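A short write-up of the structure that comes next.
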Amino acid sequence: MAQVLIDKLLQACVKQGASDIHIVVGQPPVFRLHGRMRKLDTKTLEPEDTMGLMKSIAPDRCQRELQEAGSSDFGFAFGDLARFRVSIFKQRGNISMVLRQIPNDKLTPEQLGLAQSVVDMVQRPRGLVLVTGPTGSGKSTTLASLINFLNESHDHHIITIEDPIEFYHDHIRSTINQREVGVDVPSFSEAIRRALRQDPDVILVGELRDLETIQAAISAAETGHVVFGTLHTNSAQGTVNRIIDAFPGNLQDQIRTQLSTSLIGVVAQTLLPKITGGRVAAYEVLCVTPGIANLIRENKTFRINSAIQTGAKFGMNLMDDALFNLWRDNICTVEDVLAKSHRPDDLAKRIVNARRGIFEQGNNEDPEAA
């Protein structure tokens with residue numbers, strides 16, 4: 001019975017384009033559609049329902065981990081339609097699940113609205129590229145798109161280290177090895193260290209979640225590889241600070257120096273509902289120029305935002321400029337762009353002025369509009 005039910009749910013999720021399915025005792029299954037939660041018109045789930053649904057899809061090792069640790073994550077394919085990243089966990093003694101849909105078709109960087117400067121970054125011969133943003137902001141989709149771009153255009157050896165594996169990549173021009181933490185390798189940091197002996201050109205590290213992993217990623221970037229990593233930070237400036245702050249005080253100077261030479265760029269992103277339905281990403285882009293490398297080395301990261309603002313010719317822009325443009329181009333509502341803004345008061349003023357027809361000379365507006 002559970003297998004039939006889960007198949008129906010997954011089918012409906014793919015058909016409706018829901019990003020997540022929430023399965024919790026005491027209410028029917030819930031879909032997240034375009035960022036909003038929608039309850040399905042079906043029966044309320046009992047404890048035995050969620051237990052049956054979990055058992056129908058969770059591998060034995062994950063069911064054991066759930067018993068021992070109270071939660072577990074895994075990925076699985078729903079035929080050819082989509083893959084799902086699943087988190088199973090206990091709450092109030094019952095089983096809950098959240099299934100995140102990972103579409104099979106990978107979008108191109110252009111379709112995602114990524115700047116050419118980002119595509120250029122990933123084609124550099126070595127260095128660290130960070131894609132950051134809160135959970136559910138589309139980081140995995142951006143990374144899959146960039147890896148797919150490299151796969152189609154370069155003959156590289158690409159190693160991905162993920163927990164769990166999300167997008168599956170075929171070998172196109174590149175050779176791709178995808179290693180899952182907990183299945184193929186015990187930890188991120190161990191996998192990066194091993195990867196260096198596996199003749200990689202590009203290493204994707206699913207999450208820079210601890211000091212050891214960050215250290216291993218920076219070392220790999222310094223030794224002639226392109227390393228992609230993700231962090232849950234909201235801004236480019238915040239990302240640089242977060243990495244430095246992960247290290248104890250006596251190592252911070254050394255890390256600043258290493259980061260200033262190995263960091264190529266940071267893409268911070270967030271997802272917003274579009275007025276016409278569906279969602280769109282807004283990006284903040286930092287490209288590390290010699291000037292910005294100096295700011296990192298000299299512990300002047302507080303000046304990074306103004307360097308991004310004046311760095312439009314290098315393909316840089318601040319999140320609030322991207323949000324302003326989404327409002328100006330009538331793609332997103334004022335409420336939605338202000339909710340995601342880093343400095344909502346400033347952005348609100350700018351929108352008020354724009355409505356009066358006084359376009360500020362921001363960093364990426366058309367001169368005609370001024």
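If you're wondering about the labels, chains in the structure tokens are A, B, ... by order shown, residues count from 1 in each chain, ligands from 1 in order shown.
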
Per-residue nearest contacts range 215-279 of chain A to range 306-329 of chain A, cut-off 12 Å, using only C-alpha atoms, as JSON lines:
```
{"residue": "A:Asn234", "atom": "CA", "partner": "A:Met319", "partner_atom": "CA", "distance": 9.2}
{"residue": "A:Ser235", "atom": "CA", "partner": "A:Met319", "partner_atom": "CA", "distance": 7.6}
{"residue": "A:Ala236", "atom": "CA", "partner": "A:Leu318", "partner_atom": "CA", "distance": 8.6}
{"residue": "A:Gln237", "atom": "CA", "partner": "A:Ile308", "partner_atom": "CA", "distance": 9.4}
{"residue": "A:Gly265", "atom": "CA", "partner": "A:Met316", "partner_atom": "CA", "distance": 9.7}
{"residue": "A:Val266", "atom": "CA", "partner": "A:Met316", "partner_atom": "CA", "distance": 9.8}
{"residue": "A:Val267", "atom": "CA", "partner": "A:Met316", "partner_atom": "CA", "distance": 9.5}
{"residue": "A:Ala268", "atom": "CA", "partner": "A:Met319", "partner_atom": "CA", "distance": 7.8}
{"residue": "A:Gln269", "atom": "CA", "partner": "A:Met319", "partner_atom": "CA", "distance": 7.8}
{"residue": "A:Thr270", "atom": "CA", "partner": "A:Met319", "partner_atom": "CA", "distance": 8.8}
{"residue": "A:Leu271", "atom": "CA", "partner": "A:Leu323", "partner_atom": "CA", "distance": 10.4}
{"residue": "A:Leu272", "atom": "CA", "partner": "A:Leu323", "partner_atom": "CA", "distance": 9.3}
{"residue": "A:Pro273", "atom": "CA", "partner": "A:Leu326", "partner_atom": "CA", "distance": 10.7}
{"residue": "A:Lys274", "atom": "CA", "partner": "A:Leu326", "partner_atom": "CA", "distance": 9.0}
{"residue": "A:Ile275", "atom": "CA", "partner": "A:Trp327", "partner_atom": "CA", "distance": 9.9}
{"residue": "A:Arg279", "atom": "CA", "partner": "A:Leu326", "partner_atom": "CA", "distance": 11.5}
```

Residues of range 30-275 of chain A in alpha helix (DSSP H), written as number ranges by chain: A: 47-57, 60-69, 109-112, 116-121, 139-153, 188-195, 211-222, 236-245, 252-262

Closest of A:Thr141, A:Cys13, A:Val285, A:Leu128 to Ala220 in chain A - atom-to-atom distances counting only C-alpha atoms: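 Counting only C-alpha atoms, the residue closest to Ala220 in chain A is A:Leu128.
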
Sorted by chain and rising residue number, list the residues of range 259-333 of chain A at most 9 Å from range 103-113 of chain A (counting only C-alpha atoms), each with its closest atom pair and distance in Å to one decimal, as JSON lines.
```
{"residue": "A:Val280", "atom": "CA", "partner": "A:Leu112", "partner_atom": "CA", "distance": 7.9}
{"residue": "A:Ala281", "atom": "CA", "partner": "A:Leu112", "partner_atom": "CA", "distance": 7.2}
{"residue": "A:Ala282", "atom": "CA", "partner": "A:Gly113", "partner_atom": "CA", "distance": 8.3}
{"residue": "A:Tyr283", "atom": "CA", "partner": "A:Gly113", "partner_atom": "CA", "distance": 8.5}
```

Two-atom distance - CA of Leu338 in chain A, CA of Cys287 in chain A (Å): 25.0 Å

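When only C-alpha atoms are used to measure the gap to Arg61 in chain A, the shortest distance among A:Gly17, A:Pro28, A:Gly182, A:Pro164 belongs to A:Gly182.
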
Strand (DSSP E) positions in range 20-54 of chain A, given as an NGL selection string: :A and (20-23 or 30-33 or 36-39)

May I have the residues from that selection written out with N, CA, C and O atoms, as an mmCIF file, in the first residue's frame?
```
data_model
loop_
_atom_site.group_PDB
_atom_site.id
_atom_site.type_symbol
_atom_site.label_atom_id
_atom_site.label_comp_id
_atom_site.auth_asym_id
_atom_site.auth_seq_id
_atom_site.Cartn_x
_atom_site.Cartn_y
_atom_site.Cartn_z
ATOM 1 N N ASP A 20 9.213 20.481 -2.903
ATOM 2 C CA ASP A 20 9.363 19.590 -1.743
ATOM 3 C C ASP A 20 8.044 18.912 -1.406
ATOM 4 O O ASP A 20 6.968 19.461 -1.668
ATOM 5 N N ILE A 21 8.163 17.729 -0.801
ATOM 6 C CA ILE A 21 6.991 17.045 -0.223
ATOM 7 C C ILE A 21 7.274 16.898 1.274
ATOM 8 O O ILE A 21 8.337 16.404 1.657
ATOM 9 N N HIS A 22 6.323 17.324 2.102
ATOM 10 C CA HIS A 22 6.465 17.165 3.562
ATOM 11 C C HIS A 22 5.481 16.097 4.025
ATOM 12 O O HIS A 22 4.281 16.189 3.735
ATOM 13 N N ILE A 23 5.995 15.105 4.750
ATOM 14 C CA ILE A 23 5.148 14.018 5.236
ATOM 15 C C ILE A 23 5.266 13.985 6.758
ATOM 16 O O ILE A 23 6.340 13.697 7.302
ATOM 17 N N VAL A 30 2.026 17.524 2.335
ATOM 18 C CA VAL A 30 2.057 18.941 1.952
ATOM 19 C C VAL A 30 3.099 19.131 0.850
ATOM 20 O O VAL A 30 4.212 18.611 0.960
ATOM 21 N N PHE A 31 2.725 19.857 -0.204
ATOM 22 C CA PHE A 31 3.685 20.211 -1.261
ATOM 23 C C PHE A 31 4.153 21.640 -1.053
ATOM 24 O O PHE A 31 3.359 22.489 -0.636
ATOM 25 N N ARG A 32 5.425 21.917 -1.355
ATOM 26 C CA ARG A 32 5.860 23.317 -1.443
ATOM 27 C C ARG A 32 5.877 23.674 -2.923
ATOM 28 O O ARG A 32 6.660 23.134 -3.687
ATOM 29 N N LEU A 33 4.967 24.591 -3.282
ATOM 30 C CA LEU A 33 4.815 25.000 -4.688
ATOM 31 C C LEU A 33 5.201 26.466 -4.806
ATOM 32 O O LEU A 33 4.588 27.314 -4.155
ATOM 33 N N ARG A 36 5.446 28.322 -1.617
ATOM 34 C CA ARG A 36 4.343 28.332 -0.654
ATOM 35 C C ARG A 36 3.915 26.908 -0.309
ATOM 36 O O ARG A 36 3.955 26.038 -1.162
ATOM 37 N N MET A 37 3.512 26.687 0.954
ATOM 38 C CA MET A 37 3.105 25.342 1.393
ATOM 39 C C MET A 37 1.639 25.099 1.044
ATOM 40 O O MET A 37 0.776 25.928 1.342
ATOM 41 N N ARG A 38 1.344 23.943 0.417
ATOM 42 C CA ARG A 38 -0.032 23.601 0.010
ATOM 43 C C ARG A 38 -0.384 22.196 0.508
ATOM 44 O O ARG A 38 0.251 21.228 0.107
ATOM 45 N N LYS A 39 -1.435 22.098 1.356
ATOM 46 C CA LYS A 39 -1.864 20.773 1.827
ATOM 47 C C LYS A 39 -2.640 20.060 0.717
ATOM 48 O O LYS A 39 -3.429 20.687 0.011
#
```

Top pick for closest residue to Gly238 in chain A, considering A:Tyr168, A:Phe89, A:Phe302, A:Phe74 and counting only C-alpha atoms: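 Checking each of A:Tyr168, A:Phe89, A:Phe302, A:Phe74 against Gly238 in chain A, counting only C-alpha atoms, the winner is A:Phe302.
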
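Among the candidates A:Thr160, A:Gln198, A:Thr142, A:Ser219, the one nearest to Arg126 in chain A when counting only C-alpha atoms is A:Ser219.
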
Between CA of Val227 in chain A and CA of Arg85 in chain A, distance in Å (one decimal):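 Calculated distance between CA of Val227 in chain A and CA of Arg85 in chain A is 23.0 Å.
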
Spatial neighbours of Asp49 in chain A, max dist 9 Å, only C-alpha atoms, sep filter under 4 positions, as a list of chain:residue names: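 Listing them by chain and then by number gives A:Ala2, A:Val25, A:Leu45, A:Leu53, A:Met54.
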
Please produce an output containing C-alpha atoms for each residue in the selection, written as a short mmCIF file (atom, residue, chain, number, x, y, z; two decimals), in the first residue's frame.
```
data_model
loop_
_atom_site.label_atom_id
_atom_site.label_comp_id
_atom_site.auth_asym_id
_atom_site.auth_seq_id
_atom_site.Cartn_x
_atom_site.Cartn_y
_atom_site.Cartn_z
CA ALA A 2 2.73 2.46 1.00
CA VAL A 25 1.79 12.67 11.23
CA LEU A 45 -1.47 10.68 7.96
CA LEU A 53 6.12 5.49 3.52
CA MET A 54 9.59 5.81 5.06
#
```

Best match for closeness to Ile296 in chain A among A:Asn330, A:Ser153, A:Ser262, A:Gln178, counting only C-alpha atoms: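 Between A:Asn330, A:Ser153, A:Ser262, A:Gln178, the residue approaching Ile296 in chain A most closely is A:Ser262.
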
Range 207-218 of chain A surroundings by only C-alpha atoms, 10 Å radius, close-in-sequence under 4 positions cut, as a ChimeraX atom specification: /A:127-128,130-132,161-163,187-193,196,203,222-223,225-232,243-248,255,258-259,261-263

Please produce an output containing C-alpha atoms for each residue in the selection, written as a compact mmCIF listing (two decimals), in the first residue's frame.
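Wrote out08.txt, looks like this:
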```txt
# COMPACT_ATOMS: atom_id res chain seq x y z
CA GLY A 127 41.18 28.38 -7.45
CA LEU A 128 38.14 28.31 -5.19
CA LEU A 130 31.98 29.48 -3.63
CA VAL A 131 28.22 29.33 -4.25
CA THR A 132 26.37 30.46 -1.14
CA ILE A 161 31.82 14.87 -3.21
CA GLU A 162 28.21 15.11 -2.06
CA ASP A 163 25.96 14.20 0.85
CA SER A 187 33.84 12.31 5.19
CA PHE A 188 34.20 15.40 2.99
CA SER A 189 37.74 16.20 4.18
CA GLU A 190 38.92 12.61 3.64
CA ALA A 191 37.41 12.61 0.12
CA ILE A 192 39.18 15.87 -0.82
CA ARG A 193 42.53 14.55 0.41
CA LEU A 196 44.21 14.98 -4.99
CA ILE A 203 36.55 19.07 -7.43
CA GLU A 222 46.15 26.22 -4.14
CA THR A 223 47.66 23.14 -5.74
CA HIS A 225 42.64 22.52 -9.15
CA VAL A 226 39.35 24.34 -9.51
CA VAL A 227 37.34 23.68 -6.34
CA PHE A 228 33.62 24.45 -6.03
CA GLY A 229 32.13 24.65 -2.56
CA THR A 230 28.92 25.80 -0.89
CA LEU A 231 28.23 27.64 2.36
CA HIS A 232 25.01 28.83 3.99
CA ILE A 243 35.60 31.13 6.27
CA ILE A 244 38.17 33.17 8.19
CA ASP A 245 36.15 32.96 11.42
CA ALA A 246 36.03 29.16 11.15
CA PHE A 247 39.75 29.13 12.05
CA PRO A 248 41.25 29.72 15.50
CA ILE A 255 44.16 31.77 6.15
CA GLN A 258 45.82 31.69 1.51
CA LEU A 259 42.28 32.83 0.74
CA THR A 261 45.52 33.96 -3.43
CA SER A 262 43.15 30.99 -3.90
CA LEU A 263 39.64 32.51 -3.94
```

Close residues, Arg64 in chain A itself excluded, 12 Å, only C-alpha atoms, min 6 positions apart in chain, as an MDAnalysis selection string: chainID A and resid 55 58 70:73 88:89

Best match for closeness to Arg343 in chain A among A:Asn305, A:Arg100, A:Glu46, A:Pro125, counting only C-alpha atoms: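 Under the stated criterion, the closest residue is A:Asn305.
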
d(CA of Ile159 in chain A, CA of Leu204 in chain A) in Å: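 CA of Leu204 in chain A lies 6.3 Å from CA of Ile159 in chain A.
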